[in-house]
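Engineer: Provided below: upload_4.txt, containing compact mmCIF, C-alpha atoms.
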# COMPACT_ATOMS: atom_id res chain seq x y z
CA MET A 16 4.90 18.29 -14.40
CA ARG A 17 8.29 17.01 -13.34
CA ARG A 18 8.55 13.23 -13.17
CA GLU A 19 12.21 12.75 -12.37
CA ALA A 20 14.12 13.77 -9.30
CA LEU A 21 17.52 13.56 -7.72
CA GLY A 22 17.81 11.11 -4.89
CA ALA A 23 20.80 10.05 -2.84
CA GLY A 24 23.22 11.68 -5.27
CA ARG A 25 21.78 10.07 -8.37
CA GLU A 26 18.83 10.63 -10.64
CA VAL A 27 15.86 8.48 -9.74
CA SER A 28 13.38 7.70 -12.49
CA ILE A 29 9.88 7.78 -11.14
CA LEU A 30 8.09 7.53 -14.48
CA ASN A 31 7.81 4.79 -17.03
CA GLU A 32 8.04 6.88 -20.22
CA ASN A 33 6.01 4.33 -22.22
CA HIS A 34 2.96 4.97 -20.08
CA MET A 35 3.23 8.69 -19.36
CA ASN A 36 0.21 10.05 -21.21
CA GLU A 37 -1.97 6.99 -21.56
CA TYR A 38 -2.06 5.73 -17.98
CA GLY A 39 -1.54 8.69 -15.61
CA TYR A 40 -0.45 7.43 -12.20
CA ARG A 41 -0.11 3.91 -13.64
CA GLY A 42 2.91 5.24 -15.53
CA LEU A 43 4.73 6.05 -12.30
CA VAL A 44 7.37 3.42 -11.60
CA VAL A 45 6.92 4.03 -7.87
CA TRP A 46 3.20 3.15 -8.18
CA GLN A 47 3.98 0.03 -10.23
CA LYS A 48 6.50 -1.17 -7.65
CA ALA A 49 4.19 -0.33 -4.75
CA LYS A 50 1.36 -2.31 -6.33
CA ALA A 51 3.70 -5.27 -6.92
CA LEU A 52 4.77 -5.09 -3.26
CA ALA A 53 1.13 -5.18 -2.13
CA VAL A 54 0.54 -8.29 -4.24
CA GLU A 55 3.62 -9.94 -2.70
CA VAL A 56 2.37 -9.12 0.80
CA TYR A 57 -0.96 -10.77 0.00
CA ARG A 58 0.88 -13.85 -1.26
CA LEU A 59 3.12 -13.98 1.79
CA THR A 60 0.24 -13.64 4.23
CA ASN A 61 -1.53 -16.57 2.59
CA ALA A 62 0.98 -18.87 4.34
CA GLU A 63 -0.28 -21.33 6.93
CA SER A 64 2.14 -19.96 9.54
CA ILE A 65 0.24 -16.66 9.90
CA LYS A 66 -3.33 -17.57 8.92
CA ARG A 67 -4.62 -17.46 12.51
CA ASP A 68 -3.31 -13.97 13.26
CA PHE A 69 -6.17 -12.12 11.61
CA SER A 70 -5.33 -8.74 13.09
CA LEU A 71 -1.72 -8.72 11.87
CA ILE A 72 -2.77 -9.98 8.44
CA ASP A 73 -5.41 -7.24 8.24
CA GLN A 74 -2.91 -4.55 9.27
CA MET A 75 -0.35 -5.77 6.74
CA HIS A 76 -2.96 -5.83 3.98
CA ARG A 77 -4.19 -2.34 4.86
CA SER A 78 -0.73 -0.77 4.96
CA ALA A 79 0.38 -2.58 1.78
CA VAL A 80 -2.71 -1.47 -0.16
CA SER A 81 -2.46 2.05 1.23
CA VAL A 82 0.88 2.69 -0.48
CA PRO A 83 -0.13 2.42 -4.17
CA SER A 84 -3.60 3.78 -3.36
CA ASN A 85 -2.19 7.00 -1.87
CA ILE A 86 0.34 7.36 -4.69
CA ALA A 87 -2.51 7.10 -7.19
CA GLU A 88 -4.71 9.54 -5.31
CA GLY A 89 -1.86 11.97 -4.83
CA ASP A 90 -0.90 11.92 -8.49
CA GLU A 91 -4.48 12.69 -9.47
CA ARG A 92 -4.67 15.79 -7.26
CA LYS A 93 -4.66 19.21 -8.89
CA SER A 94 -2.01 20.86 -6.74
CA ASP A 95 1.48 19.72 -5.86
CA LYS A 96 0.83 20.58 -2.20
CA ASP A 97 -2.16 18.24 -2.15
CA SER A 98 -0.22 15.54 -4.06
CA VAL A 99 2.68 15.69 -1.62
CA ARG A 100 0.32 15.18 1.33
CA PHE A 101 -0.80 11.84 -0.13
CA PHE A 102 2.78 10.84 -1.00
CA HIS A 103 3.69 11.41 2.67
CA ILE A 104 0.81 9.18 3.73
CA ALA A 105 2.11 6.48 1.36
CA LYS A 106 5.58 6.86 2.89
CA GLY A 107 4.12 6.43 6.37
CA SER A 108 2.28 3.30 5.26
CA LEU A 109 5.59 1.90 3.98
CA ALA A 110 7.09 2.38 7.44
CA GLU A 111 4.09 0.62 8.97
CA LEU A 112 4.43 -2.30 6.56
CA SER A 113 8.15 -2.64 7.16
CA THR A 114 7.53 -2.69 10.92
CA GLN A 115 4.78 -5.29 10.57
CA LEU A 116 7.02 -7.49 8.43
CA GLU A 117 9.74 -7.32 11.08
CA ILE A 118 7.25 -8.21 13.82
CA ALA A 119 5.90 -11.15 11.80
CA ARG A 120 9.47 -12.38 11.33
CA ASP A 121 10.40 -11.88 14.98
CA VAL A 122 7.41 -13.85 16.28
CA GLY A 123 8.25 -16.71 13.91
CA TYR A 124 5.58 -16.38 11.24
CA PHE A 125 8.16 -15.85 8.50
CA THR A 126 11.86 -16.38 7.98
CA THR A 127 14.39 -13.64 7.36
CA VAL A 128 14.76 -14.96 3.80
CA GLN A 129 11.05 -14.40 3.21
CA VAL A 130 10.87 -10.95 4.78
CA GLU A 131 14.14 -9.19 3.96
CA PRO A 132 13.43 -8.73 0.22
CA LEU A 133 10.10 -7.08 1.08
CA ILE A 134 11.72 -4.81 3.66
CA ALA A 135 14.33 -3.86 1.06
CA GLN A 136 11.50 -3.04 -1.37
CA CYS A 137 9.94 -0.82 1.32
CA GLU A 138 13.24 1.02 1.69
CA GLU A 139 13.61 1.45 -2.09
CA LEU A 140 10.04 2.73 -2.40
CA GLY A 141 10.63 5.12 0.49
CA LYS A 142 13.57 6.63 -1.38
CA MET A 143 11.54 6.87 -4.57
CA LEU A 144 8.70 8.56 -2.74
CA GLY A 145 11.16 10.95 -1.12
CA ALA A 146 12.43 11.87 -4.58
CA LEU A 147 8.88 12.33 -5.84
CA ILE A 148 8.02 14.51 -2.85
CA ARG A 149 11.11 16.67 -3.42
CA ALA A 150 10.29 16.96 -7.12
CA ARG A 151 6.72 18.04 -6.43
CA ASN A 152 7.82 20.44 -3.69
CA ASN A 153 10.30 22.07 -6.09
CA SER A 154 8.12 22.17 -9.20
CA SER A 155 6.08 25.09 -10.34
CA PRO A 156 2.50 25.11 -9.10
CA ARG A 157 0.02 22.99 -11.05
CA ALA A 158 -3.51 24.24 -11.46
CA GLN A 159 -3.20 26.59 -8.50
CA SER A 160 -4.92 29.93 -8.55
CA PRO A 161 -2.73 33.01 -8.50
CA PRO A 162 -2.36 34.84 -5.19
CA PRO A 163 -5.00 37.49 -4.56
CA ARG A 164 -4.10 41.03 -5.56
CA ALA A 165 -3.88 43.67 -2.89
Do you think you could lay out the structure here as structure tokens?
Structural biologist:
Amino acid sequence: MRREALGAGREVSILNENHMNEYGYRGLVVWQKAKALAVEVYRLTNAESIKRDFSLIDQMHRSAVSVPSNIAEGDERKSDKDSVRFFHIAKGSLAELSTQLEIARDVGYFTTVQVEPLIAQCEELGKMLGALIRARNNSSPRAQSPPPRA
């Protein structure tokens, strides 16, 4: 299985080589960064300024947790086509989270200084997921049955 891809004119590492065999999806750098982002979102939303907006907090938590969760589920799938579907869902959740962070900033819950690093992380993860999607789309089939014979 291919774990590196070209992205934006440069090679993007999407695998932590030290964890490749022992940890499965946990060895993916994109999963590690996505999980760290989710933890940061939980920390940010613990602030007094947003505590009363339960619906926005819930949406931010759901989208943040969805990213590493879908990366993990996708990486555990038996076919690249199935994996890619989950990676696309993770990418969509990143867009949701980025939007929610901007809204929280714009309504005054957070400052630009608090939100911009997280939005930048969303953009970086989106690029990494794009590279992973391209790599899986271009790799040879994994555990797929051969086409039926005529």
Engineer: Using only C-alpha atoms, which of the listed residues (A:Ala146, A:Gln74, A:Ala62, A:Pro83) sits closest to Tyr124 of chain A?
Structural biologist: A:Ala62
Engineer: Out of A:Arg120, A:Glu111, A:Val56, A:Ala49, which residue has the shortest atom-to-atom distance to Asn85 of chain A when counting all atoms listed in the file?
Structural biologist: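 Result for the nearest residue to Asn85 of chain A: A:Ala49.
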Engineer: Of the candidates A:Asp68, A:Glu117, A:Ala105, A:Arg77, which shows the shortest atom-to-atom distance to Gly89 of chain A, using only C-alpha atoms?
Structural biologist: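 The closest residue to Gly89 of chain A is A:Ala105.
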Engineer: With distances taken over all atoms listed in the file, which residue among A:His103, A:Glu63, A:Ser78, A:Tyr40 lies nearest Lys142 of chain A?
Structural biologist: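 Among the listed residues, A:His103 lies closest to Lys142 of chain A.
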Engineer: Could you jot down the atom CA of Val45 of chain A to atom CA of Gly145 of chain A separation for me, Å, one decimal place?
Structural biologist: 10.6 Å
Engineer: How many Å lie between atom CA of Arg151 of chain A and atom CA of Lys96 of chain A, rounded to one decimal?
Structural biologist: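 Computed distance, atom CA of Arg151 of chain A to atom CA of Lys96 of chain A, equals 7.7 Å.
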